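Colleague: Below you'll find the structure I mean.
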Amino acid sequence: MTAPVPEFPAGFLWGVSASAFQIEGSLTADGRGPSIWDAFTRKPGRIKDGSHADLATDHYRRYREDVALMAELGVGAYRFSVSWSRVLPDGHGRLNAKGLDFYDRLVDELCASGIAPVPTLFHWDTPLALEEQGGWLSRDTAERFAEYASVVAQRLADRVPMWITINEPAEVTLLGYGLGEHAPGRRLVFDALPVAHHQLLAHGLGVQALRAAGARHIGIAASHSPVWTAGDSDADRAAAELYDTLTNRLFADPILTGAYPDEGLASMLPGPVAEDLMTISAPLDWYGINYYNPMLVGAPQPATASDFGGIEIPSDLPFAIQQIEGRELTDFGWPVVPDGLRELLATMRERYGDRLPPLYITENGCSYGDGPDPVAGRIDDARRIAYHDGHVRALHRAMAEGADVRGYFIWSILDNFEWAEGYRQRFGLVHVDYETLERTPKESYAWYRDLIKSGR
């Protein structure tokens, strides 16, 4: 028998997560405008199983059923995202009242079920109209984001106790504009750096807009990973340091310290950088961390591309990502390293000290394709249980060492459309039959319910 999970502090927030484009469907319903992902899924070869998200899990019409599943689970919070183009079809200007009404109903349903609504304002689905005007390469998009944040907060702030501006700006920069693996599919490599700055500026302007509209308890959900050096050479160490700078410090340093980690890097960003940093570094109520695994990085091998989790890293980059050996892999090919979460939290504390606000783990999860037993219909996803059990214990160790973490959100509540993978990867605590859309809680759902119920 597995030992009980250690006890967490009273008031620790247990939650689940999802995002609009991955679950809502109804992409043309009630006046919603297209996003960059609508367009990206229509391009041949972009989505690995050839699918699209027109229906996804039909959450737009089945949200009450999904909230009921969360209520039965016993979570204290649901982290969802608002579809920018559902609220403002062109990204700015004309308001689509029916789109905003949906989130109003969702928030009411969550509140009635005793679940705190935690909206993320941007989870990768830029309105297509804004992308056609430059997208995140344009400073104007940051201004439009602030206007959008104000519109949503004016409607929902009276019932929403916790807000997230932007989800994973590093992935939008690297995968969307740097390598072209995600929407909008641009392959700009280092010329994508303005995307990072404009998202950070949007975050800062969004914080201002949210506070002005009466929102409270505001943070960001940033992806972070420990970076391990693959070899002992100076070239390996330099490559790992550069990767850490580009994926971790490029986003955390401006928010938490008001400066970019490297003057040379700052000089490559669109100005006025110094003035923008004052906006970007406005104090936050909390900082969110999305953690999945460490990254093993070394010097690139000549003419050899590296691959991680289905993402090809070109050989002409000044680093190569290598597979971590001796670890179980998820079905996505990601190594399972629970103690990496403890290591990451220790690094954040060491790096940022008193500038680090209280933390939430805003995403942590794993892809395993376990389906229903053909006889009993039971979904025995023991590997997912082991994954979360290990990460919750690592989190507890980190907190015992001094990390001020206030909550943990599992990614995700439902199996869903997993971006460029389509429907090939399943992260959910609840299985979704993509033919019938029937929801079936997995054994991991029961495990998490029991953990929450235990008061730990």
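In the structure tokens, chains take the letters A, B, ... in the order shown, each chain's residues start at 1, and ligands count up from 1 in the order shown.
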Report as a Markdown table: every residue of region 47-130 of chain A with an atom at most 10 Å from region 432-447 of chain A, its closest pair of atoms, and their distance in Å to one decimal, counting only C-alpha atoms, with rows sorted by chain and ascending residue number.

Modeller:
```
| residue | atom | partner | partner_atom | distance |
| --- | --- | --- | --- | --- |
| A:Leu55 | CA | A:Tyr434 | CA | 9.2 |
| A:Ala56 | CA | A:Tyr434 | CA | 7.9 |
| A:Thr57 | CA | A:Leu437 | CA | 6.3 |
| A:Asp58 | CA | A:Leu437 | CA | 7.6 |
| A:His59 | CA | A:Leu437 | CA | 9.8 |
| A:Arg62 | CA | A:Leu437 | CA | 9.7 |
| A:Glu65 | CA | A:Arg439 | CA | 9.0 |
| A:Asp66 | CA | A:Arg439 | CA | 8.6 |
| A:Leu69 | CA | A:Pro441 | CA | 8.3 |
| A:Met70 | CA | A:Tyr445 | CA | 9.7 |
| A:Glu72 | CA | A:Ala446 | CA | 9.8 |
| A:Leu73 | CA | A:Tyr445 | CA | 7.0 |
```

Colleague: For Gly33 (chain A), please output as JSON, numbers by chain all residues within 7 Å (counting only C-alpha atoms; exclusion window: fewer than 6 positions along the same chain).

Modeller: {"A": [85, 86, 89, 90]}

Colleague: Counting only C-alpha atoms, which of A:Arg186, A:Met295, A:Arg424, A:Val336 gets nearest to Gly390 (chain A)?

Modeller: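 Smallest distance to Gly390 (chain A) is found for A:Val336.
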
Colleague: Please compute the CA of Ser81 (chain A)-CA of Ser19 (chain A) distance, one decimal, in Å.

Modeller: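 Distance between the two atoms: 4.8 Å.
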
Colleague: Do you know which residues are at most 7 Å from Ile164 (chain A) counting only C-alpha atoms, after dropping those on the same chain fewer than 2 positions away, and could you put them as a ChimeraX atom specification?

Modeller: /A:119-121,166,218-221

Colleague: Dump N, CA and C atoms for the selected residues as a PDB file, in the first residue's frame?

Modeller:
```
ATOM      1  N   PRO A 119     -10.160  32.457 -14.307  1.00  0.00           N
ATOM      2  CA  PRO A 119     -10.006  32.618 -15.756  1.00  0.00           C
ATOM      3  C   PRO A 119      -8.592  33.016 -16.158  1.00  0.00           C
ATOM      4  N   THR A 120      -8.140  32.411 -17.251  1.00  0.00           N
ATOM      5  CA  THR A 120      -6.923  32.823 -17.944  1.00  0.00           C
ATOM      6  C   THR A 120      -7.363  33.616 -19.159  1.00  0.00           C
ATOM      7  N   LEU A 121      -6.846  34.814 -19.328  1.00  0.00           N
ATOM      8  CA  LEU A 121      -7.329  35.679 -20.397  1.00  0.00           C
ATOM      9  C   LEU A 121      -6.741  35.324 -21.762  1.00  0.00           C
ATOM     10  N   ILE A 166      -1.800  35.711 -18.772  1.00  0.00           N
ATOM     11  CA  ILE A 166      -1.300  35.002 -19.952  1.00  0.00           C
ATOM     12  C   ILE A 166      -0.775  33.636 -19.541  1.00  0.00           C
ATOM     13  N   ILE A 218      -4.194  38.717  -8.761  1.00  0.00           N
ATOM     14  CA  ILE A 218      -3.802  38.580 -10.162  1.00  0.00           C
ATOM     15  C   ILE A 218      -2.406  37.963 -10.272  1.00  0.00           C
ATOM     16  N   GLY A 219      -2.270  37.045 -11.226  1.00  0.00           N
ATOM     17  CA  GLY A 219      -0.982  36.412 -11.491  1.00  0.00           C
ATOM     18  C   GLY A 219      -0.835  36.054 -12.951  1.00  0.00           C
ATOM     19  N   ILE A 220       0.192  35.280 -13.246  1.00  0.00           N
ATOM     20  CA  ILE A 220       0.478  34.775 -14.588  1.00  0.00           C
ATOM     21  C   ILE A 220       0.773  33.289 -14.467  1.00  0.00           C
ATOM     22  N   ALA A 221       0.575  32.521 -15.537  1.00  0.00           N
ATOM     23  CA  ALA A 221       0.913  31.098 -15.564  1.00  0.00           C
ATOM     24  C   ALA A 221       2.063  30.899 -16.540  1.00  0.00           C
TER      25      ALA A 221
END
```

Colleague: Mind checking DSSP for region 101-156 of chain A and telling me the strand (DSSP E) residues as a ChimeraX atom specification?

Modeller: /A:116-122

Colleague: Find the residues around Asn416 (chain A) up to 12 Å (only C-alpha atoms counted), leave out those fewer than 3 positions away in its own chain, and share them as a compact mmCIF listing (two decimals) with C-alpha atoms, in the first residue's frame.

Modeller:
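Final output, saved to out-v9.txt:
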```
# COMPACT_ATOMS: atom_id res chain seq x y z
CA SER A 17 -7.42 23.20 -15.51
CA ALA A 18 -8.48 23.42 -19.16
CA SER A 19 -8.37 25.93 -22.01
CA ALA A 20 -11.03 27.31 -24.33
CA PHE A 21 -9.77 26.14 -27.72
CA GLN A 22 -9.03 22.65 -26.45
CA ILE A 23 -12.49 21.90 -25.06
CA GLU A 24 -15.17 24.36 -26.10
CA GLY A 25 -15.90 23.56 -29.74
CA SER A 51 -8.10 16.60 -36.80
CA HIS A 52 -9.57 19.96 -35.82
CA ALA A 53 -11.30 21.44 -32.79
CA ASP A 54 -14.65 22.36 -34.33
CA LEU A 55 -16.37 20.17 -31.73
CA ALA A 56 -13.52 19.34 -29.34
CA THR A 57 -15.27 18.06 -26.19
CA ASP A 58 -18.34 20.27 -26.76
CA HIS A 59 -17.81 22.08 -23.47
CA SER A 367 -0.50 12.04 -21.13
CA GLY A 369 -3.82 6.78 -23.44
CA TRP A 411 -3.83 19.50 -16.17
CA SER A 412 -6.44 18.60 -17.13
CA ILE A 413 -10.00 17.87 -16.07
CA TRP A 419 -2.83 21.35 -30.03
CA ALA A 420 -0.55 20.03 -32.81
CA GLU A 421 -1.05 16.46 -31.55
CA GLY A 422 -4.80 16.60 -32.18
CA TYR A 423 -6.57 13.95 -30.14
CA ARG A 424 -3.58 11.60 -29.85
CA GLN A 425 -2.63 12.62 -26.31
CA ARG A 426 -4.91 12.25 -23.29
CA PHE A 427 -4.18 14.32 -20.17
CA GLY A 428 -7.60 14.17 -18.54
CA LEU A 429 -8.81 12.88 -15.20
CA VAL A 430 -12.02 12.26 -17.17
CA HIS A 431 -11.99 10.16 -20.34
CA VAL A 432 -13.85 11.57 -23.34
CA ASP A 433 -15.12 9.28 -26.09
CA TYR A 434 -14.58 11.51 -29.11
CA LEU A 437 -18.57 12.67 -26.23
CA ARG A 439 -17.47 11.48 -20.13
```

Colleague: Could you go through region 318-437 of chain A and tell me which residues DSSP, when run on the backbone, assigns to helix (DSSP H, G or I), listing them as an MDAnalysis selection string?

Modeller: chainID A and resid 339:355 382:400 419:421

Colleague: Export, as a CSV table (one decimal), in the first residue's frame, the selected residues with N, CA and C atoms.

Modeller:
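File produced: result_0.csv:
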```csv
chain,number,residue,atom,x,y,z
A,339,ASP,N,10.8,14.9,-8.7
A,339,ASP,CA,11.7,15.8,-7.9
A,339,ASP,C,12.2,17.0,-8.6
A,340,GLY,N,12.0,17.0,-9.9
A,340,GLY,CA,12.3,18.2,-10.7
A,340,GLY,C,11.4,19.4,-10.3
A,341,LEU,N,10.2,19.1,-9.8
A,341,LEU,CA,9.4,20.2,-9.3
A,341,LEU,C,10.0,20.8,-8.0
A,342,ARG,N,10.4,19.9,-7.1
A,342,ARG,CA,11.1,20.5,-5.9
A,342,ARG,C,12.3,21.3,-6.3
A,343,GLU,N,13.1,20.7,-7.2
A,343,GLU,CA,14.3,21.4,-7.7
A,343,GLU,C,14.0,22.8,-8.3
A,344,LEU,N,13.0,22.8,-9.1
A,344,LEU,CA,12.6,24.1,-9.7
A,344,LEU,C,12.2,25.1,-8.7
A,345,LEU,N,11.4,24.7,-7.7
A,345,LEU,CA,11.0,25.7,-6.7
A,345,LEU,C,12.1,26.2,-5.9
A,346,ALA,N,13.1,25.3,-5.6
A,346,ALA,CA,14.3,25.7,-4.9
A,346,ALA,C,15.1,26.7,-5.7
A,347,THR,N,15.2,26.5,-7.0
A,347,THR,CA,15.9,27.4,-7.9
A,347,THR,C,15.2,28.8,-7.9
A,348,MET,N,13.9,28.8,-8.0
A,348,MET,CA,13.1,30.0,-8.0
A,348,MET,C,13.4,30.8,-6.8
A,349,ARG,N,13.4,30.1,-5.6
A,349,ARG,CA,13.6,30.8,-4.4
A,349,ARG,C,15.0,31.4,-4.3
A,350,GLU,N,16.0,30.6,-4.7
A,350,GLU,CA,17.4,31.1,-4.7
A,350,GLU,C,17.6,32.2,-5.7
A,351,ARG,N,17.0,32.2,-6.8
A,351,ARG,CA,17.2,33.2,-7.9
A,351,ARG,C,16.5,34.5,-7.6
A,352,TYR,N,15.3,34.4,-7.0
A,352,TYR,CA,14.5,35.6,-6.9
A,352,TYR,C,14.2,36.1,-5.4
A,353,GLY,N,14.5,35.2,-4.5
A,353,GLY,CA,14.4,35.7,-3.1
A,353,GLY,C,13.1,36.3,-2.7
A,354,ASP,N,13.2,37.5,-2.1
A,354,ASP,CA,12.0,38.2,-1.5
A,354,ASP,C,11.2,38.7,-2.7
A,355,ARG,N,11.7,38.8,-3.9
A,355,ARG,CA,10.9,39.3,-5.0
A,355,ARG,C,9.9,38.3,-5.5
A,382,ALA,N,-3.3,3.8,-13.7
A,382,ALA,CA,-2.4,3.7,-12.6
A,382,ALA,C,-1.2,4.6,-12.8
A,383,ARG,N,-0.7,4.7,-14.0
A,383,ARG,CA,0.5,5.5,-14.3
A,383,ARG,C,0.2,7.0,-14.0
A,384,ARG,N,-1.0,7.5,-14.3
A,384,ARG,CA,-1.3,8.8,-14.0
A,384,ARG,C,-1.4,9.1,-12.5
A,385,ILE,N,-2.0,8.1,-11.8
A,385,ILE,CA,-2.0,8.2,-10.3
A,385,ILE,C,-0.6,8.3,-9.7
A,386,ALA,N,0.3,7.4,-10.2
A,386,ALA,CA,1.6,7.4,-9.7
A,386,ALA,C,2.3,8.7,-10.0
A,387,TYR,N,2.1,9.3,-11.2
A,387,TYR,CA,2.7,10.6,-11.6
A,387,TYR,C,2.2,11.7,-10.6
A,388,HIS,N,1.0,11.8,-10.4
A,388,HIS,CA,0.5,12.9,-9.6
A,388,HIS,C,0.8,12.6,-8.1
A,389,ASP,N,0.8,11.4,-7.7
A,389,ASP,CA,1.2,11.1,-6.3
A,389,ASP,C,2.7,11.5,-6.1
A,390,GLY,N,3.5,11.2,-7.0
A,390,GLY,CA,4.9,11.6,-6.9
A,390,GLY,C,5.1,13.1,-6.9
A,391,HIS,N,4.4,13.8,-7.8
A,391,HIS,CA,4.6,15.2,-7.8
A,391,HIS,C,4.0,16.0,-6.6
A,392,VAL,N,2.9,15.5,-6.1
A,392,VAL,CA,2.3,16.1,-4.9
A,392,VAL,C,3.3,15.9,-3.7
A,393,ARG,N,3.9,14.7,-3.6
A,393,ARG,CA,4.9,14.5,-2.5
A,393,ARG,C,6.1,15.4,-2.7
A,394,ALA,N,6.6,15.6,-4.0
A,394,ALA,CA,7.7,16.4,-4.2
A,394,ALA,C,7.3,17.9,-3.9
A,395,LEU,N,6.1,18.3,-4.2
A,395,LEU,CA,5.7,19.6,-3.8
A,395,LEU,C,5.7,19.8,-2.3
A,396,HIS,N,5.2,18.8,-1.6
A,396,HIS,CA,5.2,18.9,-0.1
A,396,HIS,C,6.6,19.0,0.4
A,397,ARG,N,7.6,18.3,-0.2
A,397,ARG,CA,9.0,18.4,0.3
A,397,ARG,C,9.5,19.9,0.0
A,398,ALA,N,9.1,20.4,-1.2
A,398,ALA,CA,9.5,21.8,-1.5
A,398,ALA,C,9.0,22.8,-0.5
A,399,MET,N,7.7,22.6,-0.1
A,399,MET,CA,7.1,23.5,0.8
A,399,MET,C,7.8,23.3,2.2
A,400,ALA,N,8.1,22.1,2.6
A,400,ALA,CA,8.8,21.9,3.9
A,400,ALA,C,10.2,22.6,3.9
A,419,TRP,N,-3.6,20.5,-29.1
A,419,TRP,CA,-2.8,21.4,-30.0
A,419,TRP,C,-2.3,20.6,-31.3
A,420,ALA,N,-1.1,20.6,-31.6
A,420,ALA,CA,-0.6,20.0,-32.8
A,420,ALA,C,-0.7,18.5,-32.8
A,421,GLU,N,-0.9,17.9,-31.6
A,421,GLU,CA,-1.0,16.5,-31.6
A,421,GLU,C,-2.5,16.0,-31.9
```

Colleague: In terms of the shortest atom-to-atom distance over only C-alpha atoms, which of A:His182, A:His197, A:Arg211, A:Arg406 is closest to Phe251 (chain A)?

Modeller: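 Of the candidates, the smallest distance to Phe251 (chain A) is held by A:His197.
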
Colleague: What is the CA of Ile47 (chain A) to CA of Glu132 (chain A) distance in Å?

Modeller: 21.0 Å
